[in-house]
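Asks: This is query.cif, which holds mmCIF, C-alpha atoms and all ligand atoms:
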```cif
data_start
loop_
_atom_site.group_PDB
_atom_site.id
_atom_site.type_symbol
_atom_site.label_atom_id
_atom_site.label_comp_id
_atom_site.auth_asym_id
_atom_site.auth_seq_id
_atom_site.Cartn_x
_atom_site.Cartn_y
_atom_site.Cartn_z
ATOM 1 C CA MET O 1 102.119 123.803 93.572
ATOM 2 C CA LYS O 2 100.368 126.394 95.728
ATOM 3 C CA PRO O 3 101.231 126.394 99.459
ATOM 4 C CA GLU O 4 97.800 125.137 100.403
ATOM 5 C CA ASP O 5 98.269 122.158 98.096
ATOM 6 C CA GLN O 6 101.401 121.264 100.018
ATOM 7 C CA ARG O 7 99.568 120.863 103.254
ATOM 8 C CA LEU O 8 99.093 117.430 104.654
ATOM 9 C CA THR O 9 95.553 116.196 104.623
ATOM 10 C CA SER O 10 93.963 114.497 107.557
ATOM 11 C CA GLU O 11 94.361 111.264 105.624
ATOM 12 C CA GLN O 12 98.113 111.790 105.171
ATOM 13 C CA VAL O 13 98.691 112.598 108.827
ATOM 14 C CA GLY O 14 96.654 109.495 109.592
ATOM 15 C CA SER O 15 98.928 107.455 107.366
ATOM 16 C CA ILE O 16 102.087 108.736 109.120
ATOM 17 C CA VAL O 17 100.511 107.805 112.420
ATOM 18 C CA LYS O 18 99.493 104.426 111.069
ATOM 19 C CA MET O 19 103.053 103.790 109.808
ATOM 20 C CA LEU O 20 104.316 104.568 113.292
ATOM 21 C CA SER O 21 101.864 102.249 114.962
ATOM 22 C CA LEU O 22 103.051 99.423 112.674
ATOM 23 C CA THR O 23 106.758 100.163 113.170
ATOM 24 C CA THR O 24 108.787 97.535 115.004
ATOM 25 C CA ASP O 25 112.489 97.400 115.854
ATOM 26 C CA ARG O 26 113.269 94.587 113.451
ATOM 27 C CA GLU O 27 111.608 94.679 110.045
ATOM 28 C CA PHE O 28 112.020 93.134 106.625
ATOM 29 C CA ASN O 29 113.199 95.530 103.955
ATOM 30 C CA CYS O 30 111.839 95.241 100.409
ATOM 31 C CA ALA O 31 114.525 92.780 99.265
ATOM 32 C CA GLU O 32 113.835 90.455 102.199
ATOM 33 C CA CYS O 33 110.128 90.745 101.546
ATOM 34 C CA LEU O 34 110.631 89.786 97.901
ATOM 35 C CA GLN O 35 112.677 86.762 98.913
ATOM 36 C CA HIS O 36 109.819 85.409 101.078
ATOM 37 C CA VAL O 37 106.650 86.798 99.504
ATOM 38 C CA SER O 38 106.086 83.747 97.283
ATOM 39 C CA GLU O 39 105.862 81.497 100.349
ATOM 40 C CA PHE O 40 103.521 83.963 102.037
ATOM 41 C CA ALA O 41 101.296 84.155 98.943
ATOM 42 C CA GLU O 42 101.023 80.367 98.704
ATOM 43 C CA CYS O 43 100.099 80.139 102.398
ATOM 44 C CA GLN O 44 97.424 82.792 101.910
ATOM 45 C CA LEU O 45 96.032 81.001 98.897
ATOM 46 C CA ALA O 46 95.906 77.665 100.739
ATOM 47 C CA LYS O 47 94.582 79.438 103.867
ATOM 48 C CA LYS O 48 97.453 77.917 105.829
ATOM 49 C CA PRO O 49 98.743 79.586 109.006
ATOM 50 C CA VAL O 50 101.965 81.529 108.536
ATOM 51 C CA GLY O 51 105.161 80.990 110.524
ATOM 52 C CA GLU O 52 107.296 83.628 112.196
ATOM 53 C CA VAL O 53 109.454 84.513 109.177
ATOM 54 C CA ILE O 54 106.441 84.808 106.981
ATOM 55 C CA ALA O 55 104.659 87.002 109.514
ATOM 56 C CA SER O 56 107.398 89.566 108.827
ATOM 57 C CA VAL O 57 106.225 89.602 105.212
ATOM 58 C CA GLU O 58 102.721 90.492 106.341
ATOM 59 C CA GLN O 59 104.064 93.314 108.497
ATOM 60 C CA HIS O 60 106.152 94.680 105.621
ATOM 61 C CA LEU O 61 103.194 94.523 103.227
ATOM 62 C CA ALA O 62 101.140 96.589 105.656
ATOM 63 C CA LEU O 63 103.810 99.307 105.593
ATOM 64 C CA CYS O 64 105.027 99.230 102.000
ATOM 65 C CA PRO O 65 102.561 100.112 99.221
ATOM 66 C CA GLU O 66 104.943 98.975 96.482
ATOM 67 C CA CYS O 67 105.526 95.481 97.793
ATOM 68 C CA ARG O 68 101.800 95.301 98.471
ATOM 69 C CA GLU O 69 101.024 96.203 94.862
ATOM 70 C CA GLU O 70 103.364 93.458 93.657
ATOM 71 C CA TYR O 71 101.931 90.958 96.136
ATOM 72 C CA GLU O 72 98.391 91.668 94.952
ATOM 73 C CA ALA O 73 99.490 91.132 91.366
ATOM 74 C CA LEU O 74 101.118 87.837 92.376
ATOM 75 C CA MET O 75 97.879 86.702 94.021
ATOM 76 C CA LYS O 76 96.037 87.551 90.813
ATOM 77 C CA ILE O 77 98.366 85.240 88.877
ATOM 78 C CA LEU O 78 98.106 82.446 91.442
ATOM 79 C CA LYS O 79 94.319 82.646 91.525
ATOM 80 C CA ALA O 80 94.157 82.526 87.736
ATOM 81 C CA GLY O 81 96.278 79.355 87.781
ATOM 82 C CA LYS O 82 94.199 77.555 90.386
ATOM 83 C CA MET R 83 105.360 67.094 82.060
ATOM 84 C CA THR R 84 103.324 69.877 83.654
ATOM 85 C CA GLN R 85 104.943 73.000 85.034
ATOM 86 C CA ASN R 86 104.633 71.755 88.584
ATOM 87 C CA GLU R 87 106.468 68.523 87.842
ATOM 88 C CA ILE R 88 109.515 70.173 86.305
ATOM 89 C CA ASN R 89 112.517 70.409 88.596
ATOM 90 C CA TRP R 90 113.167 73.946 87.458
ATOM 91 C CA PRO R 91 116.472 74.734 89.185
ATOM 92 C CA ALA R 92 117.979 71.470 87.888
ATOM 93 C CA ALA R 93 116.614 71.925 84.373
ATOM 94 C CA LEU R 94 117.817 75.521 84.189
ATOM 95 C CA ARG R 95 121.292 74.396 85.239
ATOM 96 C CA ALA R 96 121.323 71.302 83.023
ATOM 97 C CA THR R 97 124.642 70.576 81.344
ATOM 98 C CA ASP R 98 122.757 69.228 78.320
ATOM 99 C CA SER R 99 122.435 72.447 76.367
ATOM 100 C CA GLY R 100 119.240 71.325 74.602
ATOM 101 C CA GLU R 101 117.519 70.548 77.887
ATOM 102 C CA GLN R 102 118.738 73.788 79.412
ATOM 103 C CA ALA R 103 117.570 75.900 76.471
ATOM 104 C CA ALA R 104 114.141 74.244 76.560
ATOM 105 C CA ALA R 105 113.797 75.021 80.267
ATOM 106 C CA VAL R 106 114.784 78.655 79.709
ATOM 107 C CA ARG R 107 112.190 78.962 76.929
ATOM 108 C CA ALA R 108 109.513 77.366 79.092
ATOM 109 C CA LEU R 109 110.308 79.657 81.994
ATOM 110 C CA ARG R 110 110.154 82.679 79.740
ATOM 111 C CA ASP R 111 106.644 81.624 78.651
ATOM 112 C CA VAL R 112 105.564 81.157 82.255
ATOM 113 C CA LEU R 113 106.784 84.646 83.160
ATOM 114 C CA HIS R 114 105.262 86.188 80.070
ATOM 115 C CA ASN R 115 101.854 84.630 80.776
ATOM 116 C CA GLY R 116 101.960 85.695 84.408
ATOM 117 C CA LEU R 117 102.837 89.268 83.514
ATOM 118 C CA ARG R 118 99.998 89.345 81.007
ATOM 119 C CA ILE R 119 97.498 88.229 83.661
ATOM 120 C CA ALA R 120 98.844 90.660 86.244
ATOM 121 C CA LEU R 121 99.024 93.708 83.997
ATOM 122 C CA ASN R 122 96.094 93.159 81.623
ATOM 123 C CA SER R 123 94.010 95.949 83.136
ATOM 124 C CA ARG R 124 96.699 98.602 82.683
ATOM 125 C CA SER R 125 96.397 100.952 79.752
ATOM 126 C CA ASP R 126 100.088 101.925 79.969
ATOM 127 C CA VAL R 127 101.329 98.398 79.228
ATOM 128 C CA SER R 128 101.619 97.254 75.613
ATOM 129 C CA GLU R 129 102.465 93.857 74.148
ATOM 130 C CA ALA R 130 106.007 95.144 73.542
ATOM 131 C CA HIS R 131 106.320 96.065 77.222
ATOM 132 C CA LEU R 132 105.254 92.546 78.214
ATOM 133 C CA GLU R 133 107.954 91.120 75.940
ATOM 134 C CA ASP R 134 110.586 93.403 77.465
ATOM 135 C CA PHE R 135 109.512 92.682 81.026
ATOM 136 C CA ALA R 136 109.501 88.919 80.365
ATOM 137 C CA GLN R 137 112.988 89.014 78.886
ATOM 138 C CA GLU R 138 114.424 91.213 81.616
ATOM 139 C CA SER R 139 112.853 89.194 84.410
ATOM 140 C CA LEU R 140 114.058 85.946 82.871
ATOM 141 C CA LEU R 141 117.636 87.228 83.123
ATOM 142 C CA ARG R 142 117.046 88.401 86.690
ATOM 143 C CA VAL R 143 115.657 85.015 87.734
ATOM 144 C CA LEU R 144 118.553 83.131 86.126
ATOM 145 C CA ASP R 145 120.969 85.467 87.849
ATOM 146 C CA ARG R 146 119.372 84.767 91.248
ATOM 147 C CA LEU R 147 118.912 81.023 90.850
ATOM 148 C CA ASP R 148 121.166 80.355 93.852
ATOM 149 C CA GLN R 149 118.840 82.363 96.093
ATOM 150 C CA PHE R 150 115.884 80.026 95.533
ATOM 151 C CA GLN R 151 115.427 78.106 98.780
ATOM 152 C CA GLY R 152 112.573 75.851 97.779
ATOM 153 C CA ARG R 153 110.157 77.369 100.301
ATOM 154 C CA SER R 154 107.545 77.932 97.616
ATOM 155 C CA LYS R 155 107.016 76.613 94.127
ATOM 156 C CA PHE R 156 109.782 77.759 91.857
ATOM 157 C CA THR R 157 107.351 79.422 89.462
ATOM 158 C CA THR R 158 105.733 81.470 92.270
ATOM 159 C CA TRP R 159 109.162 82.670 93.374
ATOM 160 C CA ALA R 160 110.099 83.560 89.782
ATOM 161 C CA GLN R 161 106.785 85.361 89.157
ATOM 162 C CA ALA R 162 107.378 87.526 92.243
ATOM 163 C CA ILE R 163 110.726 88.595 90.775
ATOM 164 C CA ALA R 164 109.140 89.266 87.378
ATOM 165 C CA LEU R 165 106.470 91.477 88.958
ATOM 166 C CA ASN R 166 109.155 93.378 90.859
ATOM 167 C CA VAL R 167 111.015 94.011 87.585
ATOM 168 C CA ALA R 168 107.873 95.154 85.778
ATOM 169 C CA PHE R 169 106.403 97.377 88.494
ATOM 170 C CA THR R 170 109.776 98.994 89.235
ATOM 171 C CA GLU R 171 110.057 100.002 85.593
ATOM 172 C CA LEU R 172 106.451 101.237 85.363
ATOM 173 C CA ARG R 173 106.859 103.359 88.500
ATOM 174 C CA ARG R 174 110.126 104.800 87.273
ATOM 175 C CA LYS R 175 108.483 106.056 84.098
ATOM 176 C CA ARG R 176 105.652 107.746 85.934
ATOM 177 C CA TRP R 177 107.916 109.679 88.308
ATOM 178 C CA GLN R 178 110.997 110.401 86.257
ATOM 179 C CA ASP R 179 110.426 114.168 86.143
ATOM 180 C CA VAL R 180 110.319 114.885 89.866
ATOM 181 C CA SER R 181 113.499 116.567 91.128
ATOM 182 C CA LEU R 182 115.404 116.135 94.363
ATOM 183 C CA ASP R 183 115.438 119.882 95.028
ATOM 184 C CA ALA R 184 111.659 120.050 94.942
ATOM 185 C CA LEU R 185 111.323 117.050 97.240
ATOM 186 C CA MET R 186 113.878 118.386 99.737
ATOM 187 C CA ALA R 187 112.207 121.816 99.739
ATOM 188 C CA ASP R 188 108.788 120.268 100.294
ATOM 189 C CA GLY R 189 110.259 118.026 102.992
ATOM 190 C CA GLU R 190 111.459 121.111 104.864
ATOM 191 C CA ARG R 191 107.942 122.505 104.776
ATOM 192 C CA LEU R 192 106.788 119.547 106.837
ATOM 193 C CA THR R 193 108.151 121.483 109.831
ATOM 194 C CA GLU R 194 105.951 124.512 109.180
ATOM 195 C CA PRO R 195 102.853 124.740 111.363
ATOM 196 C CA ALA R 196 100.766 125.553 108.295
ATOM 197 C CA MET R 197 101.618 122.174 106.769
ATOM 198 C CA ILE R 198 99.099 120.494 108.979
ATOM 199 C CA ALA R 199 95.704 122.049 108.397
ATOM 200 C CA ASP R 200 93.557 122.952 111.388
ATOM 201 C CA ASP R 201 90.879 120.434 110.535
ATOM 202 C CA VAL R 202 93.478 117.681 110.899
ATOM 203 C CA LEU R 203 93.850 118.617 114.542
ATOM 204 C CA GLY R 204 90.170 118.181 115.200
ATOM 205 C CA ALA R 205 88.356 119.040 118.392
ATOM 206 C CA ASP R 206 89.628 116.051 120.288
ATOM 207 C CA GLU R 207 92.245 116.956 122.891
ATOM 208 C CA ASP R 208 94.247 113.734 122.592
ATOM 209 C CA ARG R 209 94.423 114.030 118.860
ATOM 210 C CA THR R 210 95.572 117.660 119.063
ATOM 211 C CA ARG R 211 98.344 116.664 121.441
ATOM 212 C CA LEU R 212 99.378 113.752 119.250
ATOM 213 C CA VAL R 213 99.622 115.879 116.110
ATOM 214 C CA ALA R 214 101.522 118.631 117.979
ATOM 215 C CA THR R 215 104.011 116.084 119.343
ATOM 216 C CA LEU R 216 104.398 114.523 115.921
ATOM 217 C CA ARG R 217 105.040 117.887 114.271
ATOM 218 C CA HIS R 218 107.629 118.784 116.911
ATOM 219 C CA ALA R 219 109.387 115.462 116.405
ATOM 220 C CA ILE R 220 109.408 115.795 112.611
ATOM 221 C CA GLU R 221 111.014 119.201 113.056
ATOM 222 C CA ASN R 222 113.603 118.274 115.681
ATOM 223 C CA ASP R 223 114.419 114.602 115.396
ATOM 224 C CA LEU R 224 114.665 113.998 111.666
ATOM 225 C CA THR R 225 117.362 114.932 109.167
ATOM 226 C CA PRO R 226 116.382 116.847 106.020
ATOM 227 C CA LYS R 227 116.767 113.672 103.991
ATOM 228 C CA GLN R 228 114.542 111.732 106.365
ATOM 229 C CA ARG R 229 111.879 114.441 106.093
ATOM 230 C CA ALA R 230 112.107 114.356 102.313
ATOM 231 C CA ALA R 231 111.836 110.551 102.330
ATOM 232 C CA ILE R 232 108.760 110.558 104.562
ATOM 233 C CA LEU R 233 107.110 113.169 102.379
ATOM 234 C CA GLY R 234 107.926 111.158 99.263
ATOM 235 C CA GLU R 235 106.231 108.145 100.857
ATOM 236 C CA LEU R 236 103.140 110.186 101.667
ATOM 237 C CA ARG R 237 102.930 111.292 98.062
ATOM 238 C CA GLU R 238 103.144 107.647 97.039
ATOM 239 C CA MET R 239 106.373 108.274 95.212
ATOM 240 C CA PRO R 240 108.090 104.986 94.335
ATOM 241 C CA PHE R 241 110.736 103.999 96.818
ATOM 242 C CA ASP R 242 113.305 103.488 94.030
ATOM 243 C CA GLN R 243 112.753 107.071 93.003
ATOM 244 C CA ILE R 244 113.189 108.348 96.534
ATOM 245 C CA VAL R 245 116.464 106.509 97.079
ATOM 246 C CA GLU R 246 117.783 107.525 93.684
ATOM 247 C CA MET R 247 117.071 111.158 94.460
ATOM 248 C CA LEU R 248 118.678 110.901 97.851
ATOM 249 C CA GLY R 249 121.711 109.304 96.258
ATOM 250 C CA THR R 250 121.578 106.196 98.387
ATOM 251 C CA SER R 251 120.984 102.479 97.959
ATOM 252 C CA ARG R 252 117.655 100.765 98.442
ATOM 253 C CA SER R 253 118.691 99.022 101.645
ATOM 254 C CA ALA R 254 120.340 102.147 103.103
ATOM 255 C CA GLY R 255 117.243 104.139 102.102
ATOM 256 C CA TYR R 256 114.960 101.642 103.794
ATOM 257 C CA LYS R 257 117.079 101.805 106.937
ATOM 258 C CA MET R 258 116.950 105.606 106.888
ATOM 259 C CA LEU R 259 113.180 105.550 106.699
ATOM 260 C CA HIS R 260 112.915 102.822 109.319
ATOM 261 C CA ASP R 261 115.156 104.843 111.672
ATOM 262 C CA ALA R 262 112.969 107.907 111.053
ATOM 263 C CA ARG R 263 109.789 106.007 111.919
ATOM 264 C CA ARG R 264 111.413 104.563 115.033
ATOM 265 C CA ALA R 265 112.590 108.024 116.159
ATOM 266 C CA LEU R 266 109.099 109.482 115.754
ATOM 267 C CA LYS R 267 107.523 106.536 117.519
ATOM 268 C CA GLN R 268 109.998 106.883 120.377
ATOM 269 C CA ARG R 269 109.082 110.565 120.803
ATOM 270 C CA LEU R 270 105.380 109.756 120.970
ATOM 271 C CA HIS R 271 106.192 107.056 123.490
ATOM 272 C CA GLU R 272 108.196 109.514 125.619
ATOM 273 C CA ALA R 273 105.280 111.934 125.526
ATOM 274 C CA GLY R 274 103.161 109.168 127.041
ATOM 275 C CA ILE R 275 101.178 108.553 123.852
ATOM 276 C CA THR R 276 100.411 104.857 123.514
ATOM 277 C CA GLY R 277 99.445 102.712 120.572
ATOM 278 C CA ALA R 278 95.876 102.694 121.864
ATOM 279 C CA ASP R 279 95.831 106.518 121.958
ATOM 280 C CA ILE R 280 96.974 106.605 118.344
ATOM 281 C CA GLN R 281 94.328 104.144 117.290
ATOM 282 C CA ASN R 282 91.579 106.026 119.094
ATOM 283 C CA ALA R 283 92.614 109.435 117.799
ATOM 284 C CA PHE R 284 92.700 108.287 114.182
ATOM 285 C CA ASN R 285 90.146 105.491 114.259
ATOM 286 C CA LEU R 286 92.717 103.006 112.992
HETATM 287 ZN ZN ZN S 301 108.680 96.964 100.311
#
```
Could you write out this file's structure as structure tokens?
Replies:
Amino acid sequence: MKPEDQRLTSEQVGSIVKMLSLTTDREFNCAECLQHVSEFAECQLAKKPVGEVIASVEQHLALCPECREEYEALMKILKAGK
Amino acid sequence: MTQNEINWPAALRATDSGEQAAAVRALRDVLHNGLRIALNSRSDVSEAHLEDFAQESLLRVLDRLDQFQGRSKFTTWAQAIALNVAFTELRRKRWQDVSLDALMADGERLTEPAMIADDVLGADEDRTRLVATLRHAIENDLTPKQRAAILGELREMPFDQIVEMLGTSRSAGYKMLHDARRALKQRLHEAGITGADIQNAFNL
């Protein structure tokens, strides 16, 4: 890669800054997110309000592109089964 | 009986081996169908992959049966695990050639002024100050591994890949990244930069 390709784009700096603005002292890690994401997905599908534990799932999904990708795939399955 | 009426945890633990085997087969079909729906638009997933993912996730679900707390339907919980198995494997394949040395070297470059292009700074004074503070904090408050991990994230490298390269576990890796984000946030806070400033400067 050429040095100029290494440089951070405005979008990437924006995403660091966005990560920081979403950072809280206590967060779910990916394993905790996985343990609770099914409950979160069902609440979303039923348009039910989410409790405190489940709100931590939402916060993790905002920060973690991988768990978000898996969550979106889960929603696709749930919607197909409706 | 429909899927929703089956008491899955009980059936999967049934002492009657015929009943247990039938439940395992049924669960495998559920996972297989779900994976097919979720991954049908991907050109890198073949029928053989779906079979492998279904089999591997079935074993993972059976292994974690005790962790099911009944807070969602059993099948939703199991599908989430299956998707985690499948996506982890697909990401691993895509990134298997990236080396730790390259990531660490690139991570170090995050501290170079040239890493952040001038147009990122923009004309806005608040934004310039924010980016300068951020760059200073990346340089002074993070370890080389933390810099490499943040860079890996920005490049959308799978988290499993990052932790494997750094020679750590997933949970320790997540903590390392979380600590890094908290340290940077703390620095911005100390410089008097608020959440509102961040949002304004980057139109979040
Ligand atoms: Zn995650």
Asks: With all atoms listed in the file as the atoms that count, which of R:Ser253, R:Ala283, R:Ile275, R:Asp126 lies nearest to ligand ZN 301 (chain S)?
Replies: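 That would be R:Ser253, the residue with the smallest distance to ligand ZN 301 (chain S).
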Asks: I'd like the residues picked by the PyMOL selection byres ((chain O) within 6 of (chain R)) written out as an MDAnalysis selection string, using the chain letters and numbers from the file.
Replies: chainID O and resid 7:8 10 20 38:39 70 73 77
Asks: Go ahead and compute the interatomic distance for atom CA of Ala92 of chain R and atom CA of Asp148 of chain R, in Å to one decimal.
Replies: 11.2 Å
Asks: Evaluate the PyMOL selection byres (((not hetatm)) within 8 of (chain S and resi 301)) against this structure - the residues, as a list in words, please.
Replies: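 Applying the PyMOL selection byres (((not hetatm)) within 8 of (chain S and resi 301)) to the structure shown produces Asn29, Cys30, Ala31, Cys33, Leu34, His60, Leu61, Leu63, Cys64, Pro65, Glu66, Cys67 and Arg68 of chain O.
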Asks: Give as an NGL selection string the residues that the PyMOL selection byres (((chain O and resi 56) around 12) and not hetatm) matches when applied to the coordinates above.
Replies: :O and (22-30 or 32-37 or 39-40 or 50-55 or 57-63)
Asks: Measure the distance from atom CA of Gly81 of chain O to atom CA of Val127 of chain R in Å and round it to one decimal.
Replies: 21.5 Å
Asks: Considering only C-alpha atoms, can you say which of O:Gln44, O:Ser21, O:Val13, O:Pro49 comes closest to Met75 of chain O?
Replies: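 Smallest distance to Met75 of chain O is found for O:Gln44.
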Asks: Report, in Å with one decimal, the straight-line distance from atom CA of Arg176 of chain R to atom CA of Glu246 of chain R.
Replies: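 Here the two named atoms are 14.4 Å from each other.
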Asks: Please output segment 104-123 of chain R, rebuilt to include N, CA, C and O atoms, as a CSV table (one decimal), in the coordinates of the input.
Replies:
```
chain,number,residue,atom,x,y,z
R,104,ALA,N,115.6,74.5,76.5
R,104,ALA,CA,114.1,74.2,76.6
R,104,ALA,C,113.5,74.8,77.9
R,104,ALA,O,112.5,75.4,77.9
R,105,ALA,N,114.3,74.5,79.0
R,105,ALA,CA,113.8,75.0,80.3
R,105,ALA,C,113.8,76.5,80.3
R,105,ALA,O,112.8,77.1,80.8
R,106,VAL,N,114.8,77.2,79.7
R,106,VAL,CA,114.8,78.7,79.7
R,106,VAL,C,113.6,79.2,78.9
R,106,VAL,O,112.9,80.1,79.3
R,107,ARG,N,113.3,78.5,77.8
R,107,ARG,CA,112.2,79.0,76.9
R,107,ARG,C,110.9,78.8,77.7
R,107,ARG,O,110.0,79.6,77.7
R,108,ALA,N,110.8,77.6,78.4
R,108,ALA,CA,109.5,77.4,79.1
R,108,ALA,C,109.3,78.4,80.2
R,108,ALA,O,108.2,78.9,80.5
R,109,LEU,N,110.4,78.7,80.9
R,109,LEU,CA,110.3,79.7,82.0
R,109,LEU,C,109.9,81.0,81.5
R,109,LEU,O,109.1,81.7,82.0
R,110,ARG,N,110.5,81.4,80.3
R,110,ARG,CA,110.2,82.7,79.7
R,110,ARG,C,108.6,82.8,79.4
R,110,ARG,O,108.0,83.8,79.7
R,111,ASP,N,108.1,81.7,78.9
R,111,ASP,CA,106.6,81.6,78.7
R,111,ASP,C,105.8,81.8,79.9
R,111,ASP,O,104.8,82.4,79.9
R,112,VAL,N,106.3,81.1,81.0
R,112,VAL,CA,105.6,81.2,82.3
R,112,VAL,C,105.5,82.6,82.7
R,112,VAL,O,104.5,83.1,83.1
R,113,LEU,N,106.7,83.3,82.7
R,113,LEU,CA,106.8,84.6,83.2
R,113,LEU,C,105.9,85.6,82.3
R,113,LEU,O,105.2,86.5,82.8
R,114,HIS,N,106.0,85.4,81.0
R,114,HIS,CA,105.3,86.2,80.1
R,114,HIS,C,103.8,86.1,80.3
R,114,HIS,O,103.0,87.1,80.4
R,115,ASN,N,103.3,84.8,80.5
R,115,ASN,CA,101.9,84.6,80.8
R,115,ASN,C,101.4,85.3,82.1
R,115,ASN,O,100.4,85.9,82.2
R,116,GLY,N,102.3,85.1,83.1
R,116,GLY,CA,102.0,85.7,84.4
R,116,GLY,C,101.9,87.2,84.3
R,116,GLY,O,100.9,87.8,84.8
R,117,LEU,N,102.8,87.8,83.7
R,117,LEU,CA,102.8,89.3,83.5
R,117,LEU,C,101.6,89.7,82.8
R,117,LEU,O,101.0,90.8,83.1
R,118,ARG,N,101.2,89.0,81.8
R,118,ARG,CA,100.0,89.3,81.0
R,118,ARG,C,98.8,89.3,81.9
R,118,ARG,O,98.0,90.3,81.9
R,119,ILE,N,98.6,88.3,82.7
R,119,ILE,CA,97.5,88.2,83.7
R,119,ILE,C,97.5,89.4,84.7
R,119,ILE,O,96.5,90.1,84.9
R,120,ALA,N,98.7,89.6,85.2
R,120,ALA,CA,98.8,90.7,86.2
R,120,ALA,C,98.6,92.1,85.7
R,120,ALA,O,98.1,92.9,86.4
R,121,LEU,N,99.0,92.3,84.5
R,121,LEU,CA,99.0,93.7,84.0
R,121,LEU,C,97.9,94.0,83.0
R,121,LEU,O,97.9,95.0,82.4
R,122,ASN,N,97.0,93.0,82.8
R,122,ASN,CA,96.1,93.2,81.6
R,122,ASN,C,95.1,94.3,81.8
R,122,ASN,O,94.6,94.8,80.8
R,123,SER,N,95.0,94.8,83.0
R,123,SER,CA,94.0,95.9,83.1
R,123,SER,C,94.7,97.3,83.0
R,123,SER,O,94.0,98.3,83.1
```
